[in-house]
$ cat input.txt   # compact mmCIF, C-alpha atoms
# COMPACT_ATOMS: atom_id res chain seq x y z
CA MET A 1 -28.10 -33.63 -23.05
CA THR A 2 -25.52 -32.49 -25.59
CA LEU A 3 -21.74 -32.83 -25.44
CA ASP A 4 -21.50 -29.03 -25.25
CA THR A 5 -23.63 -29.08 -22.11
CA LEU A 6 -21.37 -31.66 -20.48
CA TRP A 7 -18.24 -29.78 -21.52
CA ASN A 8 -19.53 -26.49 -20.13
CA SER A 9 -20.69 -28.14 -16.91
CA LEU A 10 -17.32 -29.64 -15.98
CA PRO A 11 -16.35 -28.19 -12.57
CA VAL A 12 -12.62 -28.39 -13.35
CA PRO A 13 -10.66 -26.49 -16.02
CA GLY A 14 -10.52 -28.41 -19.32
CA LEU A 15 -8.54 -27.62 -22.48
CA LEU A 16 -8.60 -29.35 -25.86
CA VAL A 17 -5.37 -29.28 -27.89
CA ASP A 18 -4.79 -30.21 -31.50
CA GLU A 19 -2.10 -32.20 -33.29
CA GLU A 20 0.43 -29.38 -32.78
CA SER A 21 -0.35 -29.05 -29.07
CA LYS A 22 -2.17 -25.78 -29.67
CA ILE A 23 -5.37 -24.90 -27.84
CA CYS A 24 -8.49 -25.36 -29.93
CA ASP A 25 -11.16 -25.18 -27.21
CA MET A 26 -11.65 -24.51 -23.48
CA ASN A 27 -14.55 -24.88 -21.07
CA PRO A 28 -15.80 -22.00 -18.84
CA ALA A 29 -13.83 -23.33 -15.85
CA ALA A 30 -10.62 -23.08 -17.89
CA GLU A 31 -11.53 -19.54 -18.93
CA GLY A 32 -11.79 -18.67 -15.25
CA PHE A 33 -8.52 -20.41 -14.41
CA LEU A 34 -6.61 -18.64 -17.18
CA ASN A 35 -8.64 -15.42 -16.87
CA HIS A 36 -8.93 -15.34 -20.68
CA SER A 37 -11.71 -16.15 -23.12
CA THR A 38 -11.59 -19.20 -25.34
CA ARG A 39 -11.46 -17.03 -28.44
CA SER A 40 -8.34 -15.21 -27.23
CA MET A 41 -6.51 -18.47 -26.42
CA ILE A 42 -7.20 -20.47 -29.59
CA GLY A 43 -3.99 -21.19 -31.46
CA TYR A 44 -1.66 -20.73 -28.49
CA PRO A 45 0.67 -23.66 -27.62
CA VAL A 46 -0.69 -25.17 -24.42
CA PHE A 47 2.69 -25.16 -22.67
CA ASP A 48 3.10 -21.48 -23.44
CA VAL A 49 -0.15 -20.83 -21.59
CA LEU A 50 0.27 -23.30 -18.71
CA ALA A 51 3.52 -23.07 -16.76
CA VAL A 52 3.95 -26.57 -15.30
CA ASP A 53 6.71 -27.05 -12.72
CA ALA A 54 7.69 -30.48 -14.05
CA PRO A 55 9.34 -31.90 -17.22
CA ILE A 56 5.93 -32.69 -18.64
CA GLU A 57 6.44 -31.86 -22.32
CA GLU A 58 8.63 -34.91 -22.90
CA ALA A 59 6.16 -37.14 -21.06
CA PHE A 60 3.31 -35.70 -23.10
CA GLY A 61 5.27 -36.39 -26.27
CA ARG A 62 5.48 -40.07 -25.29
CA ALA A 63 1.76 -40.15 -24.42
CA ARG A 64 0.95 -38.64 -27.79
CA LYS A 65 3.17 -41.15 -29.58
CA ASP A 66 1.61 -44.09 -27.72
CA ASN A 67 -1.89 -42.56 -27.76
CA SER A 68 -2.07 -43.19 -24.00
CA VAL A 69 -3.33 -41.43 -20.87
CA LEU A 70 -0.93 -39.34 -18.78
CA ILE A 71 -1.65 -38.40 -15.14
CA VAL A 72 0.70 -36.12 -13.19
CA ASN A 73 -0.06 -35.67 -9.50
CA ASP A 74 0.75 -32.69 -7.25
CA VAL A 75 2.54 -30.36 -9.66
CA ASP A 76 2.52 -26.56 -9.56
CA VAL A 77 0.63 -25.10 -12.50
CA GLY A 78 0.57 -21.36 -13.07
CA THR A 79 -0.22 -18.77 -15.70
CA GLY A 80 1.01 -15.29 -16.42
CA ASP A 81 -1.84 -13.80 -14.39
CA ARG A 82 -1.89 -15.90 -11.24
CA ALA A 83 0.43 -17.64 -8.80
CA PRO A 84 1.03 -21.39 -9.27
CA LEU A 85 -1.48 -23.79 -7.74
CA GLN A 86 -0.83 -27.41 -6.89
CA CYS A 87 -2.79 -29.54 -9.33
CA THR A 88 -3.34 -33.01 -10.64
CA LEU A 89 -2.98 -32.85 -14.42
CA GLN A 90 -4.86 -35.46 -16.48
CA ILE A 91 -4.13 -35.75 -20.20
CA ALA A 92 -6.05 -38.16 -22.40
CA PRO A 93 -6.48 -38.73 -26.16
CA LEU A 94 -9.85 -37.62 -27.52
CA ILE A 95 -11.60 -40.70 -28.87
CA GLY A 96 -12.63 -40.29 -32.46
CA SER A 97 -10.32 -37.31 -33.09
CA PRO A 98 -6.79 -38.60 -33.81
CA GLY A 99 -4.04 -36.30 -32.56
CA LYS A 100 -6.28 -34.31 -30.22
CA PHE A 101 -5.81 -34.48 -26.46
CA LEU A 102 -7.89 -33.37 -23.48
CA PHE A 103 -6.21 -31.57 -20.54
CA LEU A 104 -8.03 -31.54 -17.17
CA LEU A 105 -6.69 -29.60 -14.16
CA SER A 106 -7.85 -30.57 -10.67
CA THR A 107 -6.55 -27.94 -8.25
CA ARG A 108 -5.89 -28.71 -4.62
CA GLU A 109 -6.69 -25.07 -3.79
CA PHE A 110 -10.42 -25.79 -4.10
CA ALA A 111 -10.33 -28.68 -1.64
CA GLY A 112 -8.10 -26.76 0.74
CA ARG A 113 -10.38 -23.75 0.78
CA ILE A 114 -13.48 -25.90 1.27
CA THR A 115 -11.84 -27.44 4.36
CA GLN A 116 -10.79 -24.01 5.53
CA GLY A 117 -14.29 -22.66 5.11
CA GLN A 118 -15.69 -25.39 7.35
CA THR A 119 -12.98 -25.06 10.01
CA VAL A 120 -13.16 -21.27 10.25
CA LYS A 121 -16.65 -21.41 11.76
CA SER A 122 -15.64 -24.00 14.35
CA ALA A 123 -12.53 -22.01 15.27
CA ALA A 124 -14.62 -18.89 15.67
CA LYS A 125 -17.16 -20.67 17.88
CA SER A 126 -14.35 -21.97 20.10
CA ALA A 127 -13.13 -18.43 20.65
CA ILE A 128 -16.55 -16.84 21.17
CA GLY A 129 -17.14 -18.18 24.68
CA MET A 130 -13.73 -17.03 25.84
CA ALA A 131 -14.17 -13.69 24.06
CA GLN A 132 -17.41 -12.85 25.82
CA MET A 133 -16.11 -13.87 29.23
CA LEU A 134 -12.83 -11.95 28.92
CA ALA A 135 -14.43 -8.80 27.55
CA HIS A 136 -17.04 -8.66 30.29
CA GLU A 137 -14.75 -9.54 33.19
CA ILE A 138 -11.78 -7.37 32.24
CA LYS A 139 -13.24 -4.18 30.73
CA ASN A 140 -15.10 -3.06 33.86
CA PRO A 141 -12.12 -3.17 36.28
CA LEU A 142 -9.91 -1.83 33.49
CA ALA A 143 -12.03 1.32 33.31
CA GLY A 144 -11.64 1.69 37.09
CA ILE A 145 -7.87 1.41 36.82
CA ALA A 146 -7.71 4.07 34.11
CA GLY A 147 -9.99 6.39 36.11
CA ALA A 148 -7.93 5.95 39.28
CA ALA A 149 -4.71 6.69 37.39
CA GLN A 150 -6.19 9.90 35.97
CA LEU A 151 -7.33 11.04 39.42
CA LEU A 152 -3.94 10.20 40.87
CA SER A 153 -2.19 12.25 38.19
CA MET A 154 -3.97 15.40 39.40
CA SER A 155 -2.04 15.36 42.68
CA LEU A 156 1.38 14.23 41.39
CA PRO A 157 4.38 16.37 40.47
CA LYS A 158 5.22 16.65 36.77
CA GLN A 159 8.18 14.26 37.00
CA ASP A 160 5.86 11.44 38.13
CA LEU A 161 3.13 11.98 35.51
CA GLU A 162 4.94 9.69 33.07
CA LEU A 163 3.96 6.69 35.20
CA THR A 164 0.25 7.53 35.30
CA ASP A 165 0.28 8.33 31.58
CA LEU A 166 1.77 4.89 31.01
CA ILE A 167 -1.01 3.26 33.04
CA VAL A 168 -3.73 5.13 31.13
CA GLY A 169 -2.12 4.39 27.76
CA GLU A 170 -1.77 0.68 28.45
CA THR A 171 -5.33 0.34 29.75
CA ARG A 172 -6.62 1.97 26.57
CA ARG A 173 -4.53 -0.42 24.47
CA ILE A 174 -5.96 -3.42 26.34
CA ALA A 175 -9.49 -2.03 25.97
CA ALA A 176 -8.97 -1.75 22.20
CA LEU A 177 -7.83 -5.38 22.13
CA LEU A 178 -10.93 -6.43 24.06
CA ASP A 179 -13.09 -4.54 21.55
CA GLN A 180 -11.64 -6.81 18.85
CA VAL A 181 -12.30 -9.85 21.00
CA GLU A 182 -15.90 -8.76 21.49
CA GLN A 183 -16.36 -8.54 17.74
CA PHE A 184 -15.50 -12.21 17.62
CA GLY A 185 -18.42 -12.87 19.95
CA ASN A 186 -20.85 -10.91 17.80
CA GLN A 187 -23.57 -13.34 16.75
CA ARG A 188 -25.41 -10.89 14.46
CA PRO A 189 -25.93 -12.52 11.06
CA PRO A 190 -24.98 -10.54 7.94
CA LYS A 191 -27.65 -8.21 6.56
CA LEU A 192 -27.47 -9.45 3.00
CA ALA A 193 -28.29 -7.10 0.14
CA ALA A 194 -27.29 -6.42 -3.45
CA VAL A 195 -23.94 -4.59 -3.25
CA ASN A 196 -21.60 -3.19 -5.89
CA LEU A 197 -18.18 -4.54 -4.90
CA HIS A 198 -16.38 -1.66 -6.59
CA ASP A 199 -18.20 0.85 -4.37
CA ILE A 200 -16.94 -1.04 -1.30
CA LEU A 201 -13.38 -1.20 -2.62
CA ASP A 202 -13.39 2.48 -3.52
CA ARG A 203 -14.65 3.49 -0.07
CA ALA A 204 -11.97 1.35 1.56
CA ARG A 205 -9.24 2.80 -0.67
CA ARG A 206 -10.26 6.39 0.06
CA SER A 207 -10.39 5.69 3.78
CA ALA A 208 -6.96 4.03 3.69
CA ILE A 209 -5.36 6.93 1.80
CA LEU A 210 -6.53 9.36 4.49
CA GLY A 211 -5.12 7.20 7.29
CA PHE A 212 -2.97 4.11 7.58
CA GLY A 213 -2.30 3.81 3.83
CA ALA A 214 -1.14 7.36 3.19
CA ASN A 215 2.31 6.13 2.09
CA MET A 216 0.95 3.41 -0.22
CA THR A 217 0.29 3.43 -3.96
CA PHE A 218 -3.06 1.91 -4.92
CA VAL A 219 -3.64 0.22 -8.28
CA GLU A 220 -7.12 -0.81 -9.42
CA ASP A 221 -7.81 -3.59 -11.93
CA PHE A 222 -11.59 -3.90 -11.90
CA ASP A 223 -13.93 -5.86 -14.15
CA PRO A 224 -16.63 -3.27 -14.98
CA SER A 225 -19.11 -6.00 -15.99
CA LEU A 226 -19.03 -7.68 -12.55
CA PRO A 227 -22.57 -8.24 -11.23
CA GLU A 228 -23.65 -7.19 -7.75
CA ALA A 229 -22.70 -9.36 -4.76
CA TRP A 230 -25.07 -10.73 -2.11
CA VAL A 231 -23.29 -9.47 1.02
CA ASP A 232 -23.46 -7.24 4.07
CA ALA A 233 -21.87 -3.99 2.85
CA ASP A 234 -20.65 -2.84 6.27
CA GLN A 235 -19.10 -6.19 7.15
CA LEU A 236 -17.41 -6.52 3.76
CA LEU A 237 -16.01 -2.99 4.11
CA GLN A 238 -14.57 -4.05 7.47
CA VAL A 239 -12.92 -7.05 5.78
CA VAL A 240 -11.35 -4.99 2.99
CA LEU A 241 -10.13 -2.28 5.39
CA ASN A 242 -8.51 -4.94 7.54
CA LEU A 243 -6.67 -6.45 4.57
CA LEU A 244 -5.54 -3.03 3.32
CA LYS A 245 -4.30 -2.14 6.80
CA ASN A 246 -2.32 -5.37 7.05
CA ALA A 247 -0.74 -4.71 3.65
CA SER A 248 0.17 -1.15 4.67
CA GLN A 249 1.70 -2.28 7.96
CA ALA A 250 3.71 -4.97 6.19
CA ALA A 251 5.19 -2.36 3.84
CA GLY A 252 6.52 -0.27 6.72
CA ASN A 253 7.43 3.42 6.56
CA GLY A 254 8.93 3.04 3.09
CA GLY A 255 5.52 2.39 1.56
CA GLY A 256 4.69 0.05 -1.28
CA THR A 257 2.00 -0.87 -3.80
CA ILE A 258 -1.40 -2.44 -3.16
CA LYS A 259 -3.24 -3.85 -6.17
CA MET A 260 -7.00 -4.36 -5.92
CA ARG A 261 -8.45 -6.63 -8.58
CA THR A 262 -11.92 -8.00 -9.32
CA TYR A 263 -12.97 -10.66 -11.82
CA TYR A 264 -15.56 -13.33 -12.47
CA GLU A 265 -14.68 -17.03 -12.15
CA TYR A 266 -17.44 -19.34 -13.28
CA SER A 267 -16.02 -22.57 -11.87
CA LEU A 268 -15.89 -21.85 -8.12
CA ARG A 269 -18.55 -23.55 -6.01
CA LEU A 270 -18.84 -24.21 -2.29
CA ARG A 271 -19.92 -27.74 -1.44
CA ARG A 272 -21.95 -27.91 1.76
CA LYS A 273 -22.12 -30.81 4.20
CA ASP A 274 -25.70 -31.54 3.10
CA GLY A 275 -24.46 -32.13 -0.45
CA GLY A 276 -25.80 -28.86 -1.81
CA GLY A 277 -23.63 -26.44 -3.71
CA LYS A 278 -23.34 -22.67 -3.95
CA ALA A 279 -21.62 -20.77 -6.73
CA LEU A 280 -19.02 -18.18 -5.68
CA PRO A 281 -18.12 -16.51 -8.96
CA LEU A 282 -17.25 -13.00 -7.71
CA GLN A 283 -13.56 -12.64 -6.93
CA ILE A 284 -11.69 -9.90 -5.06
CA GLU A 285 -7.90 -9.97 -4.86
CA ILE A 286 -5.84 -7.67 -2.66
CA GLN A 287 -2.14 -7.95 -3.44
CA ASP A 288 0.85 -6.19 -1.89
CA ASP A 289 4.57 -6.19 -2.62
CA GLY A 290 5.66 -6.48 1.02
CA PRO A 291 7.94 -9.09 2.60
CA GLY A 292 5.29 -11.82 2.67
CA LEU A 293 3.94 -13.95 5.51
CA PRO A 294 6.42 -15.70 7.82
CA PRO A 295 6.57 -19.34 6.62
CA GLU A 296 5.93 -20.70 10.12
CA ILE A 297 2.44 -19.11 10.28
CA ALA A 298 1.45 -19.08 6.61
CA ASP A 299 -0.83 -22.13 6.98
CA ASP A 300 -2.49 -20.85 10.18
CA VAL A 301 -2.80 -17.15 9.46
CA PHE A 302 -6.62 -17.20 9.69
CA ASP A 303 -6.63 -18.90 13.11
CA PRO A 304 -7.31 -16.75 16.20
CA PHE A 305 -4.26 -15.32 18.00
CA VAL A 306 -1.82 -16.11 15.18
CA SER A 307 0.13 -13.02 14.13
CA GLY A 308 3.29 -12.25 12.20
CA ARG A 309 3.80 -8.86 13.85
CA GLU A 310 5.60 -8.38 17.14
CA ASN A 311 2.70 -6.51 18.75
CA GLY A 312 -0.08 -8.06 16.69
CA THR A 313 -3.20 -9.44 18.36
CA GLY A 314 -3.79 -12.23 15.86
CA LEU A 315 -7.49 -11.38 15.69
CA GLY A 316 -7.72 -9.26 12.54
CA LEU A 317 -7.48 -12.04 9.94
CA ALA A 318 -9.44 -14.42 12.17
CA LEU A 319 -12.29 -11.89 12.18
CA VAL A 320 -11.96 -11.51 8.38
CA SER A 321 -12.31 -15.29 7.99
CA LYS A 322 -15.28 -15.38 10.33
CA ILE A 323 -17.12 -12.70 8.34
CA ILE A 324 -16.42 -14.30 4.95
CA SER A 325 -17.40 -17.71 6.31
CA GLU A 326 -20.73 -16.31 7.55
CA HIS A 327 -21.35 -15.09 4.00
CA ASP A 328 -20.81 -18.69 2.79
CA GLY A 329 -17.75 -17.41 0.96
CA TRP A 330 -14.09 -18.44 0.77
CA ILE A 331 -10.90 -16.61 1.54
CA SER A 332 -7.37 -17.81 0.78
CA VAL A 333 -3.88 -16.37 0.77
CA ASP A 334 -0.89 -16.98 -1.47
CA SER A 335 2.35 -15.46 -0.14
CA VAL A 336 5.97 -15.29 -1.23
CA PRO A 337 8.46 -12.51 -0.53
CA GLY A 338 7.47 -9.52 -2.64
CA LYS A 339 3.95 -10.75 -3.42
CA THR A 340 1.13 -11.59 -1.02
CA THR A 341 -2.36 -12.07 -2.45
CA PHE A 342 -5.55 -12.43 -0.44
CA ARG A 343 -8.41 -13.77 -2.54
CA ILE A 344 -12.07 -13.50 -1.52
CA SER A 345 -14.76 -15.50 -3.34
CA LEU A 346 -18.35 -14.34 -2.89
CA PRO A 347 -21.86 -15.17 -4.18
CA GLN A 348 -23.78 -12.92 -6.53
CA VAL A 349 -27.37 -11.84 -5.96
CA PRO A 350 -29.67 -14.91 -6.09
CA ARG A 351 -31.77 -15.24 -9.23
CA ALA A 352 -35.05 -14.95 -7.35
CA VAL A 353 -33.93 -11.69 -5.74
CA ARG A 354 -32.74 -10.34 -9.10
CA GLN A 355 -36.14 -11.10 -10.59
CA GLU A 356 -37.87 -9.30 -7.70
CA MET A 357 -35.58 -6.29 -8.12
CA LYS A 358 -36.26 -6.18 -11.85
CA ALA A 359 -40.01 -6.41 -11.31
CA ALA A 360 -39.85 -3.60 -8.76
CA GLN A 361 -37.87 -1.40 -11.13
CA GLU A 362 -40.35 -2.01 -13.94
CA GLN A 363 -43.23 -1.19 -11.58
CA ASN A 364 -41.57 2.05 -10.46
CA SER A 365 -40.90 3.10 -14.05
CA LYS A 366 -44.59 2.95 -14.94
$ encode --input "input.txt" --output "structure tokens"
Amino acid sequence: MTLDTLWNSLPVPGLLVDEESKICDMNPAAEGFLNHSTRSMIGYPVFDVLAVDAPIEEAFGRARKDNSVLIVNDVDVGTGDRAPLQCTLQIAPLIGSPGKFLFLLSTREFAGRITQGQTVKSAAKSAIGMAQMLAHEIKNPLAGIAGAAQLLSMSLPKQDLELTDLIVGETRRIAALLDQVEQFGNQRPPKLAAVNLHDILDRARRSAILGFGANMTFVEDFDPSLPEAWVDADQLLQVVLNLLKNASQAAGNGGGTIKMRTYYEYSLRLRRKDGGGKALPLQIEIQDDGPGLPPEIADDVFDPFVSGRENGTGLGLALVSKIISEHDGWISVDSVPGKTTFRISLPQVPRAVRQEMKAAQEQNSK
């Protein structure tokens, strides 16, 4: 095993800096973190590329002078392309190369999203029993109430029709809520297939423009080289539409901007309870310039019945989390006033399936 193999296999971002604190090498995880290639970053001062929310340059100067290791826990580290993440920053001299130092970034986002991915399924299961019971027990008598109100309206004077219209309207609203609850109880597994993520995003954008997002401006920043994802197209479309609708509602009547971005991040892997791992390199970000999530619910926004809107059901984002979790993916949110970003991490088509698809194409071309 070569040193290059070890360097490229590191699951955390790693940067190598020279005697002038300029980047001279990065591993693939660092390329994903910075969203730039190694070639484009060589020669840049490391503290121009990494924005560290701590007076670290002076401490690094002392570590360089003493040729010692520097570890900084729980600091926000950002770049020009992404919001800051809380990290542990490890800086160590490179043995055998005087003046060169190794930077390793261990982000807490990864651990937090792994925990979230495991808890989403348990939260969903807890709600499923209640969902099925409520939907079944309430929808039938609710239909009877609505029907009775409509019959009653046929024999009432015009001045009293407002009351029956109110009854019918409210029963329909409750029925729509129960439809969402029933979706939570849906045990159908995803029908996984090779899907072009950009087709899904484009369909969602066009649908939004014709409806709830008519007053929004949509900006696309897509990576054209992104490989196909291994997902259920209909379920993923439901997820994206839900996120776009939330962003549009947050903007209000004045409208706003929604940015949809895709990119490839080599370093993301989901660690299962059995010790196995699954790569999630395909990234979708949906960002809006609305007011942001209320701080009191920001940490629980994917839990059932948690909502930041006055009349919200609190089931939309919980259903989004359930779907992504059933795809063995991750979803996270980063929100401050003026910038809320939902990030979805998904698997690409398995190698064995890609080989079968290639063989089938070659057979059909003969």
$ residues_around --input "input.txt" --residues "stretch 150-157 of chain A" --least-positions-apart "5" --cutoff "9 Å" --atoms "all atoms listed in the file" --output "PyMOL selection string"
chain A and resi 145+163-165+167-168
$ write_last_selection --input "input.txt" --atoms "C-alpha atoms" --output "PDB file, in the frame of the given file"
ATOM      1  CA  ILE A 145      -7.870   1.410  36.820  1.00  0.00           C
ATOM      2  CA  LEU A 163       3.960   6.690  35.200  1.00  0.00           C
ATOM      3  CA  THR A 164       0.250   7.530  35.300  1.00  0.00           C
ATOM      4  CA  ASP A 165       0.280   8.330  31.580  1.00  0.00           C
ATOM      5  CA  ILE A 167      -1.010   3.260  33.040  1.00  0.00           C
ATOM      6  CA  VAL A 168      -3.730   5.130  31.130  1.00  0.00           C
TER       7      VAL A 168
END
$ atom_distance --input "input.txt" --atom1 "atom CA of A:Asn196" --atom2 "atom CA of A:Glu228"
4.9 Å
$ atom_distance --input "input.txt" --atom1 "atom CA of A:Glu57" --atom2 "atom CA of A:Ile91"
11.5 Å
$ atom_distance --input "input.txt" --atom1 "atom CA of A:Trp230" --atom2 "atom CA of A:Leu192"
5.8 Å
$ closest_residue --input "input.txt" --among "A:Ala251, A:Leu293, A:Leu85, A:Ala54" --to "A:Leu34" --atoms "only C-alpha atoms"
A:Leu85
$ residues_around --input "input.txt" --residues "A:Thr341" --least-positions-apart "5" --cutoff "8 Å" --atoms "only C-alpha atoms" --output "count of residues only"
7
